[in-house]
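> One file is attached below, data.cif, containing mmCIF, C-alpha atoms.
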data_run
loop_
_atom_site.label_atom_id
_atom_site.label_comp_id
_atom_site.auth_asym_id
_atom_site.auth_seq_id
_atom_site.Cartn_x
_atom_site.Cartn_y
_atom_site.Cartn_z
CA MET A 1 138.16 -211.20 -241.90
CA ILE A 2 138.58 -209.43 -238.56
CA PHE A 3 136.34 -206.40 -238.01
CA THR A 4 136.00 -203.91 -235.19
CA LEU A 5 132.93 -201.73 -234.87
CA GLY A 6 131.85 -199.50 -232.06
CA ILE A 7 131.10 -196.19 -230.43
CA ASN A 8 133.38 -194.38 -228.00
CA HIS A 9 133.96 -191.06 -226.26
CA HIS A 10 135.63 -189.68 -229.40
CA SER A 11 132.69 -190.47 -231.68
CA ALA A 12 129.57 -190.15 -229.54
CA PRO A 13 128.12 -188.23 -226.57
CA LEU A 14 127.28 -190.01 -223.34
CA ALA A 15 123.57 -190.15 -224.19
CA ILE A 16 124.34 -192.33 -227.23
CA ARG A 17 127.02 -194.42 -225.51
CA GLU A 18 124.57 -195.32 -222.76
CA ARG A 19 122.05 -196.73 -225.23
CA VAL A 20 124.43 -199.24 -226.82
CA ALA A 21 126.26 -200.31 -223.65
CA PHE A 22 126.14 -203.90 -222.38
CA ASN A 23 125.74 -204.76 -218.72
CA ALA A 24 128.45 -207.14 -217.54
CA ASP A 25 125.91 -209.72 -216.35
CA LYS A 26 124.30 -209.85 -219.81
CA LEU A 27 127.43 -210.17 -221.93
CA HIS A 28 127.25 -213.98 -222.05
CA HIS A 29 123.69 -213.78 -223.39
CA ALA A 30 124.62 -211.11 -225.95
CA LEU A 31 127.56 -213.13 -227.29
CA ALA A 32 125.44 -216.25 -227.60
CA ASP A 33 122.62 -214.34 -229.29
CA LEU A 34 124.95 -212.79 -231.86
CA THR A 35 126.77 -215.99 -232.82
CA HIS A 36 123.55 -218.04 -232.99
CA SER A 37 121.48 -215.52 -234.95
CA GLN A 38 124.10 -214.22 -237.37
CA PRO A 39 126.89 -215.73 -239.53
CA VAL A 40 129.60 -214.55 -237.13
CA LYS A 41 132.37 -217.05 -236.43
CA GLU A 42 134.11 -215.32 -233.52
CA VAL A 43 133.16 -212.35 -231.35
CA ALA A 44 134.14 -210.46 -228.20
CA ILE A 45 132.42 -207.39 -226.77
CA LEU A 46 134.26 -204.65 -224.88
CA SER A 47 131.81 -202.40 -223.04
CA THR A 48 133.01 -199.67 -220.64
CA CYS A 49 131.78 -196.23 -219.62
CA ASN A 50 133.68 -194.73 -222.55
CA ARG A 51 133.21 -197.33 -225.30
CA THR A 52 131.21 -200.22 -226.66
CA GLU A 53 133.19 -202.19 -229.23
CA ILE A 54 132.52 -205.48 -230.97
CA TYR A 55 135.52 -207.42 -232.25
CA CYS A 56 134.49 -210.16 -234.66
CA SER A 57 135.54 -212.51 -237.41
CA ALA A 58 132.87 -212.39 -240.09
CA GLU A 59 132.24 -211.97 -243.80
CA THR A 60 130.85 -208.46 -243.31
CA PRO A 61 130.22 -206.09 -240.37
CA GLU A 62 126.74 -205.21 -241.66
CA VAL A 63 125.07 -208.19 -239.98
CA VAL A 64 126.66 -207.22 -236.67
CA ILE A 65 125.44 -203.62 -236.96
CA ASP A 66 121.91 -204.85 -237.68
CA TRP A 67 122.12 -207.18 -234.68
CA LEU A 68 123.35 -204.35 -232.42
CA ALA A 69 120.31 -202.26 -233.36
CA ARG A 70 117.93 -205.17 -232.79
CA TYR A 71 119.50 -206.22 -229.50
CA HIS A 72 119.22 -202.72 -228.01
CA GLN A 73 115.85 -202.09 -229.66
CA LEU A 74 117.14 -199.09 -231.58
CA GLU A 75 116.72 -197.85 -235.09
CA ARG A 76 120.00 -198.20 -236.92
CA SER A 77 119.79 -194.53 -237.90
CA GLU A 78 119.87 -193.52 -234.22
CA PHE A 79 123.47 -194.57 -233.70
CA ALA A 80 124.88 -195.02 -237.22
CA PRO A 81 126.30 -191.45 -237.42
CA TYR A 82 128.42 -192.18 -234.34
CA LEU A 83 129.55 -195.66 -235.34
CA TYR A 84 133.02 -196.47 -236.63
CA THR A 85 133.92 -199.66 -238.48
CA HIS A 86 137.45 -200.95 -239.02
CA ASP A 87 138.56 -203.89 -241.11
CA GLN A 88 142.04 -205.31 -241.54
CA PRO A 89 144.58 -203.92 -240.92
CA GLU A 90 142.94 -200.96 -239.15
CA ALA A 91 140.96 -203.29 -236.86
CA ILE A 92 144.22 -204.83 -235.66
CA ARG A 93 145.84 -201.42 -235.16
CA HIS A 94 142.77 -200.23 -233.24
CA ALA A 95 142.90 -203.21 -230.86
CA PHE A 96 146.59 -202.59 -230.19
CA ARG A 97 146.00 -198.87 -229.57
CA VAL A 98 143.06 -199.52 -227.23
CA ALA A 99 145.04 -202.05 -225.18
CA SER A 100 147.99 -199.64 -224.98
CA GLY A 101 145.85 -196.75 -223.73
CA LEU A 102 146.39 -194.60 -226.83
CA ASP A 103 142.66 -194.42 -227.61
CA SER A 104 141.59 -193.65 -224.05
CA MET A 105 140.11 -190.45 -222.70
CA VAL A 106 143.21 -190.35 -220.52
CA ILE A 107 146.13 -191.17 -222.81
CA GLY A 108 148.22 -194.02 -221.44
CA GLU A 109 145.83 -195.03 -218.65
CA PRO A 110 146.20 -198.71 -217.72
CA GLN A 111 142.60 -199.53 -216.69
CA ILE A 112 141.44 -200.28 -220.24
CA LEU A 113 143.86 -203.21 -220.47
CA GLY A 114 142.17 -204.93 -217.53
CA GLN A 115 138.74 -204.21 -219.04
CA MET A 116 139.84 -205.74 -222.33
CA LYS A 117 141.13 -208.83 -220.52
CA ASP A 118 137.74 -209.18 -218.81
CA ALA A 119 136.01 -208.99 -222.20
CA VAL A 120 138.27 -211.74 -223.54
CA ARG A 121 137.61 -213.92 -220.50
CA VAL A 122 133.85 -213.62 -220.97
CA ALA A 123 134.17 -214.46 -224.68
CA GLU A 124 136.29 -217.51 -223.82
CA GLU A 125 133.73 -218.67 -221.26
CA SER A 126 130.96 -218.19 -223.84
CA GLY A 127 132.85 -220.18 -226.47
CA THR A 128 132.90 -217.31 -228.97
CA LEU A 129 136.65 -216.71 -229.05
CA GLY A 130 138.28 -218.63 -231.89
CA THR A 131 141.84 -218.86 -233.13
CA GLN A 132 141.98 -215.46 -234.84
CA LEU A 133 140.53 -213.32 -232.06
CA HIS A 134 142.40 -215.26 -229.40
CA LYS A 135 145.65 -214.50 -231.19
CA LEU A 136 144.63 -210.87 -231.78
CA PHE A 137 143.98 -210.22 -228.10
CA GLN A 138 147.08 -212.04 -226.91
CA ARG A 139 149.12 -209.91 -229.30
CA SER A 140 147.24 -206.81 -228.05
CA PHE A 141 148.23 -207.57 -224.46
CA SER A 142 151.80 -208.20 -225.54
CA VAL A 143 151.94 -204.90 -227.46
CA ALA A 144 150.48 -203.02 -224.48
CA LYS A 145 153.17 -204.48 -222.23
CA GLU A 146 155.87 -203.53 -224.74
CA VAL A 147 154.55 -199.96 -225.07
CA ARG A 148 154.35 -199.50 -221.31
CA SER A 149 157.78 -200.98 -220.61
CA THR A 150 159.72 -199.26 -223.41
CA THR A 151 158.09 -195.81 -223.51
CA ALA A 152 157.11 -193.19 -220.95
CA ILE A 153 153.46 -193.31 -222.05
CA GLY A 154 152.12 -193.50 -218.50
CA ALA A 155 154.87 -191.68 -216.66
CA ASN A 156 153.96 -188.04 -217.24
CA ILE A 157 151.00 -185.84 -216.38
CA VAL A 158 149.25 -184.48 -219.47
CA SER A 159 145.76 -183.51 -218.35
CA MET A 160 144.19 -181.37 -215.65
CA ALA A 161 142.52 -184.47 -214.25
CA ALA A 162 145.78 -186.41 -214.07
CA ALA A 163 147.48 -183.42 -212.49
CA GLY A 164 144.75 -183.32 -209.85
CA VAL A 165 145.37 -186.96 -208.95
CA HIS A 166 149.12 -186.35 -208.91
CA LEU A 167 148.78 -183.46 -206.45
CA ALA A 168 146.25 -185.32 -204.28
CA GLU A 169 148.67 -188.21 -203.91
CA ARG A 170 151.19 -185.77 -202.47
CA ILE A 171 148.73 -184.97 -199.67
CA PHE A 172 147.28 -188.42 -198.99
CA GLU A 173 149.28 -191.62 -198.75
CA SER A 174 146.57 -193.53 -200.62
CA LEU A 175 143.36 -192.41 -202.35
CA GLU A 176 141.75 -195.76 -201.58
CA THR A 177 140.81 -194.52 -198.11
CA GLN A 178 139.53 -191.11 -199.21
CA ARG A 179 136.05 -189.80 -199.91
CA ILE A 180 135.75 -187.67 -203.04
CA LEU A 181 133.14 -185.05 -203.92
CA PHE A 182 132.81 -183.94 -207.55
CA ILE A 183 130.84 -180.74 -208.14
CA GLY A 184 129.32 -180.50 -211.62
CA ALA A 185 128.64 -183.17 -214.25
CA GLY A 186 130.26 -181.80 -217.40
CA GLU A 187 133.10 -183.21 -219.51
CA MET A 188 135.86 -182.00 -217.18
CA ILE A 189 134.27 -183.58 -214.12
CA GLU A 190 133.68 -186.75 -216.15
CA LEU A 191 137.37 -186.86 -217.00
CA CYS A 192 138.40 -186.12 -213.40
CA ALA A 193 136.09 -188.83 -212.12
CA ALA A 194 137.67 -191.34 -214.52
CA HIS A 195 141.13 -190.43 -213.20
CA PHE A 196 140.35 -190.33 -209.50
CA CYS A 197 138.09 -193.40 -209.54
CA ALA A 198 140.86 -195.40 -211.20
CA ARG A 199 142.52 -195.18 -207.76
CA GLN A 200 139.42 -196.87 -206.24
CA PRO A 201 138.51 -194.28 -203.59
CA LYS A 202 136.43 -195.23 -200.59
CA GLN A 203 133.41 -193.13 -201.63
CA VAL A 204 132.32 -190.98 -204.58
CA THR A 205 129.64 -188.29 -204.56
CA ILE A 206 128.45 -186.13 -207.46
CA ALA A 207 126.85 -182.78 -206.66
CA ASN A 208 125.00 -181.17 -209.55
CA ARG A 209 122.32 -178.58 -210.14
CA THR A 210 120.31 -181.19 -212.07
CA LEU A 211 120.04 -184.27 -209.85
CA GLU A 212 119.13 -186.59 -212.73
CA ARG A 213 122.31 -185.78 -214.65
CA GLY A 214 124.34 -186.12 -211.48
CA ARG A 215 122.88 -189.58 -210.88
CA ALA A 216 123.71 -190.68 -214.42
CA LEU A 217 127.38 -189.82 -213.88
CA ALA A 218 127.44 -191.20 -210.33
CA GLU A 219 126.12 -194.59 -211.48
CA ARG A 220 129.09 -194.98 -213.83
CA PHE A 221 131.48 -194.72 -210.90
CA ASN A 222 129.41 -196.54 -208.27
CA GLY A 223 128.75 -193.28 -206.48
CA THR A 224 125.80 -191.29 -205.18
CA ALA A 225 124.36 -187.95 -206.25
CA ILE A 226 123.23 -184.89 -204.32
CA ARG A 227 121.86 -181.46 -205.24
CA LEU A 228 124.07 -178.38 -205.16
CA ASP A 229 122.01 -176.89 -202.34
CA GLU A 230 123.03 -179.88 -200.19
CA LEU A 231 126.76 -179.07 -200.41
CA GLY A 232 126.89 -177.52 -196.94
CA GLU A 233 125.61 -180.73 -195.36
CA HIS A 234 128.05 -183.04 -197.17
CA LEU A 235 131.26 -181.03 -197.55
CA ALA A 236 132.80 -182.07 -194.22
CA GLN A 237 132.39 -185.76 -195.07
CA ASN A 238 134.76 -185.51 -198.04
CA ASP A 239 138.55 -185.46 -198.08
CA ILE A 240 138.87 -184.41 -201.74
CA VAL A 241 136.69 -181.88 -203.57
CA VAL A 242 136.90 -181.31 -207.32
CA SER A 243 134.70 -178.59 -208.77
CA CYS A 244 133.97 -177.40 -212.30
CA THR A 245 130.63 -175.70 -212.97
CA ALA A 246 129.45 -172.85 -215.17
CA SER A 247 128.33 -170.77 -212.20
CA PRO A 248 129.15 -167.05 -212.60
CA LEU A 249 129.72 -166.76 -208.83
CA PRO A 250 131.54 -168.98 -206.29
CA ILE A 251 129.38 -171.79 -204.94
CA ILE A 252 131.74 -172.68 -202.07
CA GLY A 253 132.48 -169.79 -199.78
CA LEU A 254 135.01 -169.29 -197.00
CA GLY A 255 132.42 -169.74 -194.26
CA MET A 256 131.19 -173.07 -195.65
CA VAL A 257 134.72 -174.46 -195.76
CA GLU A 258 135.59 -173.13 -192.29
CA ARG A 259 132.61 -175.00 -190.85
CA ALA A 260 133.62 -178.15 -192.75
CA VAL A 261 137.23 -178.00 -191.49
CA LYS A 262 136.00 -177.55 -187.91
CA ALA A 263 133.65 -180.55 -188.27
CA ARG A 264 136.56 -182.59 -189.66
CA ARG A 265 138.65 -181.67 -186.61
CA HIS A 266 141.24 -180.14 -188.90
CA ARG A 267 141.92 -183.25 -190.95
CA PRO A 268 143.37 -182.04 -194.28
CA MET A 269 141.06 -181.27 -197.18
CA PHE A 270 142.31 -181.25 -200.78
CA MET A 271 140.36 -179.02 -203.18
CA VAL A 272 140.67 -178.51 -206.94
CA ASP A 273 138.86 -175.62 -208.62
CA LEU A 274 138.84 -176.10 -212.40
CA ALA A 275 136.11 -173.53 -213.06
CA VAL A 276 136.57 -170.18 -214.79
CA PRO A 277 135.27 -168.04 -213.13
CA ARG A 278 136.09 -169.77 -209.84
CA ASP A 279 133.72 -172.06 -207.97
CA ILE A 280 135.67 -171.77 -204.69
CA GLU A 281 136.42 -168.43 -203.06
CA GLU A 282 140.11 -167.53 -203.26
CA GLU A 283 140.34 -166.96 -199.49
CA VAL A 284 139.67 -170.66 -198.87
CA GLY A 285 143.27 -171.37 -199.93
CA GLU A 286 144.52 -169.41 -196.93
CA LEU A 287 143.06 -171.89 -194.42
CA ASP A 288 145.70 -173.98 -192.66
CA ASP A 289 144.11 -177.39 -193.29
CA VAL A 290 142.98 -176.79 -196.86
CA PHE A 291 145.10 -177.41 -199.97
CA LEU A 292 143.42 -175.48 -202.78
CA TYR A 293 144.64 -175.68 -206.39
CA THR A 294 143.31 -173.70 -209.36
CA VAL A 295 143.44 -174.19 -213.13
CA ASP A 296 146.69 -172.24 -213.29
CA ASP A 297 148.30 -174.43 -210.63
CA LEU A 298 147.42 -177.62 -212.50
CA ALA A 299 148.46 -176.12 -215.84
CA GLN A 300 152.05 -175.88 -214.61
CA VAL A 301 152.08 -179.61 -213.78
CA VAL A 302 150.54 -180.47 -217.15
CA GLU A 303 152.99 -178.36 -219.14
CA SER A 304 156.00 -180.11 -217.63
CA GLY A 305 154.76 -183.53 -218.70
CA MET A 306 153.30 -182.75 -222.12
CA GLU A 307 156.48 -182.77 -224.18
CA SER A 308 157.78 -186.09 -222.89
CA ARG A 309 154.33 -187.74 -223.19
CA GLN A 310 154.03 -186.70 -226.84
CA ALA A 311 157.42 -188.23 -227.56
CA ALA A 312 156.21 -191.41 -225.87
CA VAL A 313 153.05 -191.48 -228.03
CA VAL A 314 155.17 -191.29 -231.19
CA GLU A 315 157.32 -194.17 -229.94
CA ALA A 316 154.22 -196.18 -229.06
CA GLU A 317 152.67 -195.65 -232.51
CA ASP A 318 155.91 -196.89 -234.12
CA ILE A 319 155.82 -200.05 -232.00
CA ILE A 320 152.18 -200.65 -232.90
CA ALA A 321 152.83 -200.18 -236.64
CA THR A 322 155.55 -202.85 -236.49
CA ARG A 323 153.37 -205.28 -234.53
CA VAL A 324 150.43 -204.77 -236.91
CA HIS A 325 152.71 -205.77 -239.79
CA ASP A 326 153.79 -208.86 -237.84
CA PHE A 327 150.20 -209.86 -237.11
CA LEU A 328 149.14 -209.42 -240.72
CA GLY A 329 151.98 -211.77 -241.63
CA TRP A 330 150.59 -214.34 -239.20
CA LEU A 331 147.10 -213.99 -240.73
CA GLN A 332 148.46 -214.42 -244.25
CA ALA A 333 150.35 -217.53 -243.16
CA ARG A 334 147.09 -218.97 -241.82
CA GLU A 335 145.46 -218.59 -245.24
CA VAL A 336 147.58 -221.49 -246.56
CA VAL A 337 146.65 -223.79 -243.66
CA PRO A 338 143.67 -225.37 -245.51
CA VAL A 339 145.87 -226.06 -248.56
CA ILE A 340 148.59 -227.61 -246.40
CA ARG A 341 146.01 -229.75 -244.61
CA SER A 342 144.52 -230.89 -247.92
CA LEU A 343 148.00 -231.70 -249.28
CA ARG A 344 148.84 -233.78 -246.22
CA ASP A 345 145.48 -235.57 -246.33
CA SER A 346 146.03 -236.47 -249.99
CA ALA A 347 149.53 -237.77 -249.27
CA GLU A 348 148.25 -239.78 -246.32
CA ARG A 349 145.56 -241.44 -248.46
CA MET A 350 148.23 -242.42 -251.03
CA ARG A 351 150.48 -243.77 -248.27
CA ARG A 352 147.73 -245.89 -246.74
CA HIS A 353 146.66 -247.26 -250.14
CA GLU A 354 150.17 -248.25 -251.13
CA LEU A 355 150.86 -249.74 -247.70
CA GLU A 356 147.76 -251.92 -247.99
CA HIS A 357 148.90 -253.03 -251.46
CA ALA A 358 152.36 -253.90 -250.12
CA VAL A 359 150.92 -255.90 -247.22
CA LYS A 360 148.86 -257.98 -249.68
CA LEU A 361 151.97 -258.71 -251.76
CA LEU A 362 153.84 -259.82 -248.65
CA ALA A 363 150.92 -262.07 -247.72
CA LYS A 364 151.21 -263.74 -251.14
CA GLY A 365 154.84 -264.57 -250.40
CA GLU A 366 156.58 -261.90 -252.44
CA ALA A 367 160.17 -261.13 -251.36
CA PRO A 368 160.25 -258.24 -248.87
CA GLU A 369 163.04 -256.46 -250.77
CA LYS A 370 161.01 -256.57 -253.96
CA VAL A 371 157.86 -255.37 -252.17
CA LEU A 372 159.68 -252.42 -250.59
CA ASP A 373 161.20 -251.42 -253.92
CA HIS A 374 157.79 -251.69 -255.56
CA LEU A 375 156.19 -249.65 -252.74
CA SER A 376 158.73 -246.83 -253.02
CA HIS A 377 158.35 -246.58 -256.81
CA ARG A 378 154.53 -246.55 -256.72
CA LEU A 379 154.42 -243.99 -253.89
CA THR A 380 156.92 -241.70 -255.62
CA ASN A 381 155.01 -241.87 -258.89
CA LYS A 382 151.71 -241.08 -257.22
CA LEU A 383 153.11 -238.12 -255.24
CA LEU A 384 154.77 -236.61 -258.32
CA HIS A 385 152.02 -237.36 -260.83
CA ALA A 386 149.94 -234.20 -260.26
CA PRO A 387 152.81 -231.65 -260.27
CA THR A 388 154.47 -233.39 -263.27
CA GLN A 389 151.21 -233.34 -265.21
CA ALA A 390 150.65 -229.66 -264.39
CA LEU A 391 154.15 -228.80 -265.66
CA ASN A 392 153.68 -230.75 -268.89
CA GLN A 393 150.30 -229.16 -269.64
CA ALA A 394 151.32 -225.56 -268.76
CA GLU A 395 152.29 -223.10 -271.47
CA GLY A 396 154.11 -219.76 -271.70
CA GLY A 397 154.19 -217.66 -268.55
CA GLU A 398 152.23 -220.20 -266.53
CA ARG A 399 154.92 -222.84 -267.19
CA SER A 400 157.66 -220.47 -266.02
CA GLU A 401 155.72 -219.68 -262.84
CA LEU A 402 155.15 -223.39 -262.14
CA GLN A 403 158.80 -224.20 -262.78
CA SER A 404 159.86 -221.55 -260.28
CA ALA A 405 157.30 -222.75 -257.74
CA VAL A 406 158.35 -226.41 -258.07
CA SER A 407 162.02 -225.50 -257.77
CA ARG A 408 161.28 -223.55 -254.59
CA LEU A 409 158.93 -226.14 -253.09
CA PHE A 410 161.28 -229.08 -253.66
CA HIS A 411 164.54 -227.14 -253.14
CA LEU A 412 165.74 -227.91 -256.68
CA HIS A 413 168.75 -226.32 -258.35
CA SER A 414 169.48 -225.79 -262.04
CA ASN A 415 171.95 -228.69 -262.16
CA ASP A 416 169.58 -231.15 -260.41
#
For the file at hand, write its structure as structure tokens.

Amino acid sequence: MIFTLGINHHSAPLAIRERVAFNADKLHHALADLTHSQPVKEVAILSTCNRTEIYCSAETPEVVIDWLARYHQLERSEFAPYLYTHDQPEAIRHAFRVASGLDSMVIGEPQILGQMKDAVRVAEESGTLGTQLHKLFQRSFSVAKEVRSTTAIGANIVSMAAAGVHLAERIFESLETQRILFIGAGEMIELCAAHFCARQPKQVTIANRTLERGRALAERFNGTAIRLDELGEHLAQNDIVVSCTASPLPIIGLGMVERAVKARRHRPMFMVDLAVPRDIEEEVGELDDVFLYTVDDLAQVVESGMESRQAAVVEAEDIIATRVHDFLGWLQAREVVPVIRSLRDSAERMRRHELEHAVKLLAKGEAPEKVLDHLSHRLTNKLLHAPTQALNQAEGGERSELQSAVSRLFHLHSND
């Protein structure tokens, strides 16, 4: 059976997610360790800044949970309250939703699809991706493509962070050449960093009152961290500034920004103030080379996209429900594969035996026509012996069921 178990941004805080994450360079070792030490037939591990998920084909997820605790040297009780476990069909639905961006911190974001493809590639290279998981992920990618091409899931702005990116892209031709400074390290800055860093900016800096917390967030986005009291030294080096702290007073004043603009030789600076009360003095927005947006400004952008995005989510969920049903049908069809293989093997053994018998008769000089007739009769009798015997020995309801099954299997009609 296919299982999915994991921890993500919905179920666990960052401090817990960090402890069960897998470094990319150690994924091969982790996959090998799991499949060699536990009765797990197939496995793939998806580990990002927002989630660690293990997709597996196994008898039970319990052995995988125990392995996860052992591998990360944790007590199971330390992460169990945050862990979710899905079996069929919910595991299939979850994979489809993750690939489609419906389970992301930013609904509809496309980056998770690439991360999932990387996880599949590593599993393939490690030899831990069998028929079931291979099919599951290929279907997941197909569903994600269908959702993105037939709905407006990624076309509308529905978060402050996404609105910030949208407005920044009006100012700068490309964010790939821009340096971004995030002030604060809370949930809103985390979300903004995920959005802006998806555009692969040239440089990322996190400024926070607690340097250690700033470093933890900066590491996730390949950035650096500074203290808040260093803002004056670094402000001019950044093209985009996004701030959201709990400070009761502004931490960026008009004078600080004026000096930064002068040092930048009046190159434009884009600033987003998501704090309430404000982090950036209101007068900063009056400077010619500064584009300052507040929570209220971004809220207008968000409101315009919310209704259409929600309609797209409903459409996407309908698509996923249909594709889950299709995949379950494929899994059920696979359950008869061993029976079909056994049936064919049995028929092949009969064929070979009767062929050998016929060859011996021909070697003795028997007439070919007689040998062929004899061969066909013996082969027919052997093939029909088991089903005929089962019909003769069955009674009551069992006989009726067998009669219906035989009629369907051999395409018989009542007058045959």
> Under the rule that all atoms listed in the file are counted, which of A:Gln403, A:Thr35, A:Gln300, A:Ser247 is the nearest residue to Val276 in chain A?
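Checking each of A:Gln403, A:Thr35, A:Gln300, A:Ser247 against Val276 in chain A, counting all atoms listed in the file, the winner is A:Ser247.
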> What do you get, as a PyMOL selection string, if you spell out every residue that the PyMOL selection byres ((chain A and resi 36-50) around 7) selects here?
chain A and resi 8-9+21-22+31-35+51-58+63+116+119-120+123+128-130+133+220
> Return as a list in words the set of residues that the PyMOL selection byres ((chain A and resi 209-211) around 12) yields on the displayed structure.
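Written out, the selection comes to Ile183, Gly184, Ala185, Gly186, Thr205, Ile206, Ala207, Asn208, Glu212, Arg213, Gly214, Arg215, Ala216, Leu217, Ala218, Thr224, Ala225, Ile226, Arg227, Leu228, Asp229, Glu230, Leu231, Cys244, Thr245, Ala246, Ser247 and Ile251 of chain A.
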> Of the candidates A:Trp67, A:Ala194, A:Ile252, A:Lys262, which shows the shortest atom-to-atom distance to Gly285 in chain A, using all atoms listed in the file?
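Looking at the shortest contact to Gly285 in chain A, the residue is A:Ile252.
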> Looking at only C-alpha atoms, which of A:Leu274, A:Ile240, A:Leu83, A:Ala152 is the one that sits closest to Glu176 in chain A?
A:Ile240
